[in-house]
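Here is the file structure.tsv (TSV, C-alpha atoms).
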chain	number	residue	atom	x	y	z
A	1	MET	CA	-32.74	-6.34	13.26
A	2	PRO	CA	-30.86	-7.54	10.15
A	3	ARG	CA	-27.32	-6.34	9.74
A	4	GLN	CA	-26.83	-3.41	7.41
A	5	SER	CA	-25.33	-4.22	4.05
A	6	LEU	CA	-22.17	-2.47	2.97
A	7	THR	CA	-24.27	-0.60	0.43
A	8	ASP	CA	-26.54	0.68	3.22
A	9	LEU	CA	-23.53	1.78	5.24
A	10	TYR	CA	-22.15	3.54	2.18
A	11	HIS	CA	-25.42	5.38	1.55
A	12	ALA	CA	-25.45	6.47	5.20
A	13	ARG	CA	-22.02	8.04	4.76
A	14	VAL	CA	-23.17	9.76	1.60
A	15	ALA	CA	-26.14	11.17	3.53
A	16	GLU	CA	-23.75	12.40	6.24
A	17	GLY	CA	-21.66	14.15	3.59
A	18	THR	CA	-18.49	12.18	4.31
A	19	LEU	CA	-18.63	10.44	0.90
A	20	HIS	CA	-19.85	11.31	-2.57
A	21	ALA	CA	-22.09	8.76	-4.27
A	22	ASP	CA	-20.23	6.94	-7.02
A	23	ALA	CA	-21.88	4.26	-9.15
A	24	ALA	CA	-18.59	2.42	-9.69
A	25	GLN	CA	-17.98	2.21	-5.95
A	26	LEU	CA	-21.52	0.93	-5.37
A	27	ALA	CA	-20.96	-1.82	-7.94
A	28	ALA	CA	-17.79	-2.88	-6.13
A	29	LEU	CA	-19.65	-2.92	-2.81
A	30	ARG	CA	-22.09	-5.47	-4.18
A	31	VAL	CA	-19.12	-7.77	-4.84
A	32	LEU	CA	-17.77	-7.18	-1.33
A	33	ASP	CA	-21.19	-7.83	0.19
A	34	GLU	CA	-21.19	-11.20	-1.59
A	35	VAL	CA	-17.80	-12.04	-0.09
A	36	ARG	CA	-18.95	-10.83	3.32
A	37	GLN	CA	-21.81	-13.33	3.28
A	38	VAL	CA	-19.38	-16.15	2.49
A	39	VAL	CA	-17.09	-15.22	5.36
A	40	GLU	CA	-19.84	-14.76	7.93
A	41	ALA	CA	-21.68	-17.96	6.97
A	42	GLU	CA	-18.84	-20.30	7.95
A	43	PRO	CA	-18.24	-21.49	11.54
A	44	PRO	CA	-15.26	-19.99	13.35
A	45	LYS	CA	-12.01	-21.89	12.93
A	46	ARG	CA	-11.25	-24.28	15.81
A	47	SER	CA	-14.90	-24.15	16.96
A	48	ILE	CA	-16.86	-27.38	17.62
A	49	LEU	CA	-18.81	-26.92	14.38
A	50	TRP	CA	-15.59	-26.38	12.46
A	51	ARG	CA	-14.02	-29.53	13.91
A	52	MET	CA	-17.16	-31.60	13.27
A	53	SER	CA	-17.34	-30.48	9.65
A	54	LYS	CA	-13.78	-31.68	8.89
A	55	PRO	CA	-13.52	-28.99	6.21
A	56	LYS	CA	-12.03	-29.81	2.85
A	57	PRO	CA	-10.34	-27.22	0.65
A	58	PRO	CA	-13.23	-24.95	-0.41
A	59	GLU	CA	-14.14	-24.64	-4.05
A	60	GLY	CA	-15.26	-21.71	-6.17
A	61	ARG	CA	-14.64	-18.00	-5.85
A	62	ARG	CA	-14.54	-16.91	-2.24
A	63	GLY	CA	-12.68	-13.61	-2.27
A	64	ALA	CA	-12.30	-10.51	-4.41
A	65	TYR	CA	-9.67	-8.68	-6.43
A	66	LEU	CA	-10.56	-4.99	-6.92
A	67	TRP	CA	-8.46	-3.19	-9.46
A	68	GLY	CA	-8.55	0.25	-11.04
A	69	GLY	CA	-6.79	3.59	-11.28
A	70	VAL	CA	-5.22	5.59	-8.51
A	71	GLY	CA	-7.55	7.43	-6.14
A	72	ARG	CA	-10.76	5.65	-7.17
A	73	GLY	CA	-11.58	4.58	-3.62
A	74	LYS	CA	-10.45	0.94	-3.62
A	75	SER	CA	-8.70	1.18	-0.25
A	76	MET	CA	-11.63	3.05	1.29
A	77	LEU	CA	-14.06	0.35	0.13
A	78	MET	CA	-11.86	-2.41	1.50
A	79	ASP	CA	-11.58	-0.58	4.83
A	80	LEU	CA	-15.39	-0.38	4.98
A	81	PHE	CA	-15.62	-4.09	4.18
A	82	HIS	CA	-12.97	-5.15	6.68
A	83	ALA	CA	-14.43	-3.07	9.49
A	84	HIS	CA	-17.93	-4.53	9.10
A	85	VAL	CA	-17.27	-8.23	8.49
A	86	ALA	CA	-18.60	-9.88	11.65
A	87	VAL	CA	-15.63	-12.16	12.34
A	88	GLU	CA	-12.68	-11.69	14.66
A	89	ALA	CA	-10.21	-13.83	12.72
A	90	LYS	CA	-9.41	-11.17	10.13
A	91	ARG	CA	-6.47	-9.02	9.19
A	92	ARG	CA	-5.86	-6.06	6.90
A	93	VAL	CA	-2.27	-5.45	5.79
A	94	HIS	CA	-0.35	-3.65	3.08
A	95	PHE	CA	0.77	-6.31	0.56
A	96	HIS	CA	4.38	-5.13	0.56
A	97	ALA	CA	4.54	-5.35	4.37
A	98	PHE	CA	2.96	-8.81	4.30
A	99	MET	CA	5.56	-10.14	1.89
A	100	GLN	CA	8.32	-8.71	4.07
A	101	GLU	CA	6.85	-10.66	7.00
A	102	VAL	CA	6.69	-13.84	4.92
A	103	HIS	CA	10.35	-13.57	3.92
A	104	ALA	CA	11.35	-13.01	7.57
A	105	ALA	CA	9.30	-16.04	8.65
A	106	LEU	CA	10.87	-18.17	5.90
A	107	HIS	CA	14.32	-17.19	7.12
A	108	GLU	CA	13.46	-18.38	10.64
A	109	ALA	CA	11.81	-21.58	9.40
A	110	ARG	CA	14.88	-22.54	7.37
A	111	LYS	CA	16.97	-22.44	10.54
A	112	THR	CA	14.99	-25.44	11.81
A	113	GLY	CA	16.09	-27.59	8.89
A	114	VAL	CA	12.58	-28.16	7.60
A	115	ASP	CA	12.40	-29.53	4.05
A	116	ASP	CA	9.88	-26.95	2.80
A	117	ALA	CA	9.99	-23.73	4.82
A	118	LEU	CA	6.82	-22.38	3.21
A	119	VAL	CA	4.64	-25.13	4.73
A	120	PRO	CA	5.01	-24.05	8.38
A	121	VAL	CA	4.91	-20.36	7.40
A	122	ALA	CA	1.61	-20.75	5.54
A	123	ARG	CA	0.23	-22.92	8.34
A	124	ASP	CA	1.04	-20.26	10.93
A	125	ILE	CA	-0.58	-17.52	8.82
A	126	ALA	CA	-3.76	-19.53	8.26
A	127	ARG	CA	-4.06	-21.15	11.69
A	128	ASP	CA	-6.71	-18.87	13.14
A	129	LEU	CA	-7.30	-16.56	10.19
A	130	ARG	CA	-10.56	-16.51	8.24
A	131	LEU	CA	-10.16	-13.30	6.24
A	132	LEU	CA	-7.01	-11.67	4.87
A	133	CYS	CA	-7.28	-8.24	3.23
A	134	PHE	CA	-4.37	-6.93	1.19
A	135	ASP	CA	-3.97	-3.34	0.10
A	136	GLU	CA	-2.01	-2.55	-3.07
A	137	MET	CA	-1.04	-5.91	-4.49
A	138	GLN	CA	1.84	-5.53	-6.88
A	139	ILE	CA	4.60	-7.95	-7.82
A	140	THR	CA	7.90	-6.44	-8.89
A	141	ASP	CA	10.40	-8.79	-7.27
A	142	ILE	CA	11.25	-12.17	-8.78
A	143	THR	CA	11.54	-13.73	-5.32
A	144	ASP	CA	7.96	-12.69	-4.53
A	145	ALA	CA	6.81	-13.80	-7.97
A	146	MET	CA	8.14	-17.31	-7.44
A	147	LEU	CA	6.63	-17.51	-3.95
A	148	VAL	CA	3.10	-16.13	-4.05
A	149	GLY	CA	1.51	-18.89	-6.14
A	150	ARG	CA	2.29	-21.69	-3.68
A	151	LEU	CA	1.59	-19.46	-0.69
A	152	PHE	CA	-1.83	-18.38	-1.92
A	153	GLN	CA	-2.76	-21.95	-2.87
A	154	MET	CA	-1.94	-23.06	0.69
A	155	LEU	CA	-4.00	-20.22	2.15
A	156	PHE	CA	-6.96	-20.97	-0.11
A	157	ASP	CA	-6.74	-24.69	0.77
A	158	ALA	CA	-6.81	-23.73	4.46
A	159	GLY	CA	-10.08	-21.86	3.92
A	160	VAL	CA	-8.71	-18.33	4.10
A	161	VAL	CA	-10.78	-15.77	2.18
A	162	ILE	CA	-8.64	-13.14	0.46
A	163	VAL	CA	-9.67	-9.66	-0.64
A	164	THR	CA	-7.10	-7.45	-2.33
A	165	THR	CA	-6.81	-4.16	-4.18
A	166	SER	CA	-4.44	-3.40	-7.03
A	167	ASN	CA	-3.83	-0.88	-9.76
A	168	ARG	CA	-3.35	-3.69	-12.25
A	169	VAL	CA	-5.62	-6.30	-13.76
A	170	PRO	CA	-4.29	-9.74	-12.75
A	171	ASP	CA	-2.99	-10.40	-16.26
A	172	ASP	CA	-0.64	-7.41	-15.91
A	173	LEU	CA	0.91	-8.43	-12.59
A	174	TYR	CA	4.67	-8.90	-12.84
A	175	LYS	CA	4.40	-7.77	-16.46
A	176	ASP	CA	7.69	-8.15	-18.37
A	177	GLY	CA	9.25	-9.71	-15.27
A	178	LEU	CA	12.05	-12.23	-15.36
A	179	ASN	CA	10.82	-15.82	-15.94
A	180	ARG	CA	7.24	-14.57	-16.07
A	181	ASP	CA	6.02	-17.88	-17.55
A	182	LEU	CA	6.55	-19.41	-14.11
A	183	PHE	CA	4.25	-16.74	-12.66
A	184	LEU	CA	1.28	-17.36	-14.97
A	185	PRO	CA	-0.24	-20.19	-12.87
A	186	PHE	CA	-0.65	-17.66	-10.04
A	187	ILE	CA	-2.66	-15.39	-12.32
A	188	ARG	CA	-4.92	-18.31	-13.23
A	189	LEU	CA	-5.29	-19.12	-9.52
A	190	LEU	CA	-6.45	-15.58	-8.76
A	191	SER	CA	-9.05	-15.78	-11.52
A	192	GLU	CA	-10.29	-19.13	-10.23
A	193	LYS	CA	-10.50	-18.19	-6.55
A	194	LEU	CA	-11.33	-14.47	-6.55
A	195	ILE	CA	-14.05	-12.34	-8.11
A	196	VAL	CA	-12.02	-9.99	-10.30
A	197	HIS	CA	-13.78	-6.63	-10.41
A	198	HIS	CA	-12.69	-3.51	-12.28
A	199	LEU	CA	-13.55	-0.31	-10.41
A	200	VAL	CA	-14.04	1.98	-13.39
A	201	SER	CA	-14.82	5.33	-11.75
A	202	GLU	CA	-13.64	8.30	-13.80
A	203	THR	CA	-13.01	10.36	-10.67
A	204	ASP	CA	-9.62	10.44	-8.97
A	205	TYR	CA	-10.72	11.47	-5.49
A	206	ARG	CA	-7.24	11.73	-4.01
A	207	GLN	CA	-5.95	13.86	-6.85
A	208	ASN	CA	-9.04	16.06	-6.58
A	209	ARG	CA	-8.26	16.66	-2.92
A	210	LEU	CA	-4.76	17.83	-3.86
A	211	GLU	CA	-5.88	19.68	-6.99
A	212	GLY	CA	-4.71	23.27	-6.87
A	213	ALA	CA	-3.47	22.91	-3.29
A	214	PRO	CA	0.13	23.80	-2.41
A	215	ARG	CA	2.49	20.88	-1.88
A	216	TYR	CA	5.62	22.74	-0.76
A	217	PHE	CA	5.50	25.00	2.28
A	218	VAL	CA	8.11	27.65	3.12
A	219	PRO	CA	9.36	28.24	5.77
A	220	ALA	CA	9.18	25.00	7.79
A	221	ASP	CA	7.55	26.66	10.78
A	222	GLY	CA	4.52	25.99	12.96
A	223	VAL	CA	2.14	27.16	10.25
A	224	ALA	CA	3.67	24.75	7.74
A	225	ARG	CA	3.49	21.91	10.24
A	226	ALA	CA	-0.19	22.60	10.85
A	227	ARG	CA	-0.82	22.49	7.09
A	228	LEU	CA	0.99	19.15	6.83
A	229	ASP	CA	-0.98	17.87	9.84
A	230	ALA	CA	-4.22	18.73	8.05
A	231	ILE	CA	-3.11	17.07	4.79
A	232	TRP	CA	-2.01	13.92	6.64
A	233	THR	CA	-5.36	13.70	8.44
A	234	ASP	CA	-7.27	14.26	5.22
A	235	LEU	CA	-5.39	11.63	3.20
A	236	SER	CA	-4.95	9.02	5.91
A	237	GLY	CA	-7.81	9.59	8.31
A	238	GLY	CA	-5.18	10.30	10.96
A	239	ASP	CA	-5.14	6.61	11.92
A	240	PRO	CA	-1.74	5.17	10.97
A	241	ASP	CA	-1.21	1.45	10.40
A	242	GLY	CA	2.56	1.69	10.31
A	243	LEU	CA	4.87	-0.07	7.88
A	244	ARG	CA	8.17	-1.91	8.26
A	245	LEU	CA	10.41	-2.23	5.20
A	246	THR	CA	13.25	-4.72	5.39
A	247	VAL	CA	16.17	-3.84	3.13
A	248	LYS	CA	19.30	-6.00	3.18
A	249	GLY	CA	18.64	-7.07	6.73
A	250	ARG	CA	17.87	-3.57	8.01
A	251	VAL	CA	14.41	-2.43	9.02
A	252	LEU	CA	13.10	0.97	7.95
A	253	GLU	CA	10.28	1.91	10.31
A	254	ILE	CA	7.45	4.09	8.99
A	255	PRO	CA	5.13	4.57	11.99
A	256	HIS	CA	2.94	7.08	10.15
A	257	PHE	CA	1.64	5.13	7.16
A	258	HIS	CA	-1.87	4.41	5.91
A	259	ASN	CA	-3.28	3.46	2.51
A	260	GLY	CA	-0.04	4.25	0.71
A	261	VAL	CA	0.42	7.64	2.40
A	262	ALA	CA	3.54	8.01	4.58
A	263	ARG	CA	4.71	10.86	6.78
A	264	LEU	CA	8.34	11.24	7.89
A	265	SER	CA	10.73	14.01	8.80
A	266	PHE	CA	13.80	14.97	6.79
A	267	TRP	CA	15.96	13.65	9.62
A	268	ASP	CA	14.09	10.33	9.70
A	269	LEU	CA	15.14	9.73	6.11
A	270	CYS	CA	18.30	11.73	5.53
A	271	GLY	CA	19.80	12.03	9.00
A	272	LYS	CA	20.35	8.28	9.23
A	273	PRO	CA	22.80	6.10	7.27
A	274	LEU	CA	20.26	5.01	4.64
A	275	GLY	CA	21.17	4.21	1.06
A	276	PRO	CA	19.62	3.94	-2.42
A	277	GLY	CA	18.06	0.56	-1.60
A	278	ASP	CA	16.14	2.06	1.32
A	279	TYR	CA	14.83	4.94	-0.76
A	280	LEU	CA	13.87	2.66	-3.65
A	281	ALA	CA	11.94	0.40	-1.24
A	282	LEU	CA	10.18	3.44	0.21
A	283	ALA	CA	9.29	4.79	-3.24
A	284	GLU	CA	7.93	1.39	-4.22
A	285	ALA	CA	5.76	1.13	-1.10
A	286	VAL	CA	4.20	4.61	-0.97
A	287	ARG	CA	2.38	6.82	-3.43
A	288	VAL	CA	2.29	9.99	-1.29
A	289	LEU	CA	5.15	11.09	0.98
A	290	ILE	CA	4.67	13.94	3.43
A	291	LEU	CA	8.14	15.15	4.39
A	292	ASP	CA	8.61	17.53	7.33
A	293	GLY	CA	11.39	20.04	7.78
A	294	ILE	CA	13.84	20.06	4.87
A	295	PRO	CA	16.66	22.33	6.15
A	296	ARG	CA	19.10	24.50	4.24
A	297	LEU	CA	21.87	22.29	2.88
A	298	SER	CA	25.60	22.98	2.65
A	299	ARG	CA	29.03	21.49	3.37
A	300	ALA	CA	27.98	21.45	7.05
A	301	ASN	CA	25.44	18.71	6.35
A	302	PHE	CA	26.93	17.30	3.16
A	303	ASN	CA	26.07	13.65	3.90
A	304	GLU	CA	22.46	14.52	4.62
A	305	ALA	CA	22.32	16.54	1.40
A	306	LYS	CA	23.66	13.61	-0.63
A	307	ARG	CA	21.01	11.31	0.86
A	308	PHE	CA	18.32	13.88	0.09
A	309	VAL	CA	19.40	13.98	-3.56
A	310	THR	CA	19.15	10.18	-3.73
A	311	LEU	CA	15.74	10.25	-2.02
A	312	VAL	CA	14.34	12.80	-4.47
A	313	ASP	CA	15.65	10.80	-7.43
A	314	ALA	CA	13.88	7.66	-6.15
A	315	LEU	CA	10.61	9.52	-5.55
A	316	TYR	CA	10.81	11.24	-8.92
A	317	GLU	CA	11.40	8.05	-10.91
A	318	ALA	CA	8.53	6.29	-9.09
A	319	LYS	CA	6.18	9.28	-9.62
A	320	VAL	CA	5.51	9.55	-5.89
A	321	THR	CA	3.60	12.65	-4.86
A	322	LEU	CA	5.78	14.70	-2.49
A	323	ILE	CA	4.28	17.15	-0.01
A	324	ALA	CA	6.92	18.91	2.07
A	325	SER	CA	7.87	21.80	4.33
A	326	ALA	CA	11.30	23.37	3.81
A	327	ALA	CA	13.53	26.18	4.97
A	328	ALA	CA	13.66	27.66	1.46
A	329	VAL	CA	12.34	27.26	-2.06
A	330	PRO	CA	14.08	24.43	-3.99
A	331	GLU	CA	16.54	26.68	-5.81
A	332	MET	CA	17.74	28.22	-2.52
A	333	LEU	CA	18.08	25.06	-0.43
A	334	TYR	CA	21.70	24.37	-1.42
A	335	VAL	CA	23.58	27.50	-2.45
A	336	GLU	CA	27.14	26.98	-1.22
A	337	GLY	CA	29.65	24.19	-0.87
A	338	GLU	CA	30.57	21.07	-2.81
A	339	GLY	CA	27.62	19.62	-4.69
A	340	THR	CA	25.76	22.84	-5.52
A	341	PHE	CA	25.98	22.18	-9.25
A	342	GLU	CA	24.67	18.62	-8.87
A	343	PHE	CA	21.82	19.91	-6.68
A	344	GLU	CA	20.45	21.99	-9.54
A	345	ARG	CA	18.85	18.85	-10.98
A	346	THR	CA	17.31	18.04	-7.60
A	347	ALA	CA	15.90	21.56	-7.32
A	348	SER	CA	14.45	21.24	-10.82
A	349	ARG	CA	12.83	17.93	-9.93
A	350	LEU	CA	11.42	19.33	-6.69
A	351	ARG	CA	9.90	22.18	-8.67
A	352	GLU	CA	8.42	19.81	-11.26
A	353	MET	CA	6.93	17.61	-8.52
A	354	GLN	CA	4.92	20.59	-7.29
A	355	GLY	CA	2.99	20.67	-10.56
A	356	ALA	CA	-0.78	20.16	-10.42
A	357	ASP	CA	-0.60	17.19	-12.78
A	358	TRP	CA	2.31	15.43	-11.06
A	359	GLY	CA	1.50	11.80	-10.34
A	360	ARG	CA	-1.45	11.53	-12.71
A	361	ALA	CA	0.45	9.00	-14.81
A	362	ASP	CA	0.38	6.64	-11.81
A	363	ALA	CA	-2.70	4.81	-13.01
A	364	ALA	CA	-0.90	3.83	-16.19
A	365	THR	CA	2.40	2.92	-14.59
A	366	GLY	CA	1.01	0.74	-11.85
A	367	VAL	CA	2.08	2.78	-8.83
A	368	PRO	CA	-0.06	1.40	-5.98
A	369	ASP	CA	-3.39	2.83	-4.93
Encoding of this model in structure tokens:
Amino acid sequence: MPRQSLTDLYHARVAEGTLHADAAQLAALRVLDEVRQVVEAEPPKRSILWRMSKPKPPEGRRGAYLWGGVGRGKSMLMDLFHAHVAVEAKRRVHFHAFMQEVHAALHEARKTGVDDALVPVARDIARDLRLLCFDEMQITDITDAMLVGRLFQMLFDAGVVIVTTSNRVPDDLYKDGLNRDLFLPFIRLLSEKLIVHHLVSETDYRQNRLEGAPRYFVPADGVARARLDAIWTDLSGGDPDGLRLTVKGRVLEIPHFHNGVARLSFWDLCGKPLGPGDYLALAEAVRVLILDGIPRLSRANFNEAKRFVTLVDALYEAKVTLIASAAAVPEMLYVEGEGTFEFERTASRLREMQGADWGRADAATGVPD
């Protein structure tokens, strides 16, 4: 029996009622089916056929770059693709987490005194890998911008097929970034090696799922936790990938993370000695944060309160959707002690972030999907 196409699998889910038919998503699946055929047609790396063929750097477009607005289903489509490509040498990873791994590997390689640390790092990544799927490609850091072009060229030369999602068309990656002229060859490389496809659905499925639903639950009791459990399962599928963010040598662990949705407790984020850099990295990496158990704040937990203010500022500026449980409504969280006046702005921002239209500007600002 021939293997089902991704389109057939999609239609089966529509028939089951787990998905709604969307013409834009079906068009993207045809691109992914094309890439799937390329991946499955080649012999496994290190196999006898692979060694006999003495492969040269492959030519032509062999992967895909899906871009479009927030909540259009890009990550869901890539998950479907990744799960049903019949090869074992594959990996799906959040782009931000991947680049953190690359920087850590470069640091270790430089200790060996090698002339070009990227060569062994790229070799190790590509050694047994046929397919690499990135979620949420975005380039905001000059170090990443100067690195990805050579890295991707090495991966392409090694025969790795790359599929990635992004909120931005390739031409807008690292837009207005420092020394962007040096980044332009990478954009040309993406266009040469990947099928660039715009997913143009008018429906924001994630926003629709949150439309009209409460995002701030008081008090932070068992009922609120059950509501947050349900939201987490709905947005993430309940199957966390986990994410590690490295900030100035420290590692911020996010065990509950999937497709840009993270879940943490207040004490995970504000009960530890984290700083603005940690919260900025978190806000850059996620688009929805589910935060459990914001307590009442006062001089008794002044340090935690200060960190919470910094966290909210980072989330607010990045337009991250915040879903939280708390001991009180925003205006009553911090009512006595030093810092109450400053907290008024935080309370106002928390209130604004509960609005039904909060986060809808994400598609324009490039916050990852």
Quiz item: Using only C-alpha atoms, which residues sit within 12 Å of A:Pro120 once same-chain residues fewer than 2 positions away are excluded, as a list in words?
Solution: Val102, Ala105, Leu106, His107, Glu108, Ala109, Arg110, Thr112, Gly113, Val114, Asp115, Asp116, Ala117, Leu118, Ala122, Arg123, Asp124, Ile125, Ala126, Arg127, Leu151, Met154 and Leu155 of chain A
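The space separating atom CA of A:Ser75 from atom CA of A:Thr165 comes to 6.9 Å.
We find atom CA of A:Glu317 and atom CA of A:Ala226 to be spaced 28.6 Å apart.
Separating atom CA of A:Arg296 from atom CA of A:Thr340 is a distance of 11.9 Å.
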Quiz prompt | Residue contacts of A:Met99 (12 Å, all atoms listed in the file) excluding same-chain residues fewer than 2 positions away, as a ChimeraX atom specification | solution = /A:93-97,101-106,121-122,125,134-141,143-145,147-148,151-152,243-246,285
Quiz item: Between A:Pro219, A:Gly63, A:Gly73, A:Gly68, which has the minimum distance to A:Asn167 (counting all atoms listed in the file)?
Solution: A:Gly68
Residues at most 10 Å from A:Asp239, counting all atoms listed in the file, excluding those fewer than 3 positions away in the same chain, as a PDB file with C-alpha atoms, keeping the file's coordinate frame?
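Writing the result to around-v8.pdb gives the following:
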ATOM      1  CA  TRP A 232      -2.010  13.920   6.640  1.00  0.00           C
ATOM      2  CA  THR A 233      -5.360  13.700   8.440  1.00  0.00           C
ATOM      3  CA  SER A 236      -4.950   9.020   5.910  1.00  0.00           C
ATOM      4  CA  GLY A 242       2.560   1.690  10.310  1.00  0.00           C
ATOM      5  CA  HIS A 256       2.940   7.080  10.150  1.00  0.00           C
ATOM      6  CA  PHE A 257       1.640   5.130   7.160  1.00  0.00           C
ATOM      7  CA  HIS A 258      -1.870   4.410   5.910  1.00  0.00           C
TER       8      HIS A 258
END
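Ranking A:Asn301, A:Val320, A:Val309, A:Arg227 by their shortest atom-to-atom distance to A:Ala347, with all atoms listed in the file included, puts A:Val309 first.
The residue that comes closest to A:Glu284, out of A:Gly60, A:Gly260, A:Gly177, A:Pro240 and on the basis of all atoms listed in the file, is A:Gly260.
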Practice problem: Would you mind telling me which residue in A:Ala27, A:Val335, A:Leu315, A:Leu297 lies nearest to A:Leu350 when using all atoms listed in the file? | Solution: A:Leu315
Quiz item: Got a sec: who's within 12 Å of A:Asp181, counting all atoms listed in the file, leaving out chain neighbours fewer than 6 positions off, as an MDAnalysis selection string?
Solution: chainID A and resid 142 145:146 171 173:175 187:188
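Distances from A:Ile254, A:Leu269, A:Ala21, A:Val247 to A:Ala281 were compared using only C-alpha atoms, and the smallest one belongs to A:Val247.
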Quiz item: Which is closest to A:Gly271 among A:Arg250, A:Val35, A:Ala24, A:Leu311, if we use all atoms listed in the file?
Solution: A:Leu311
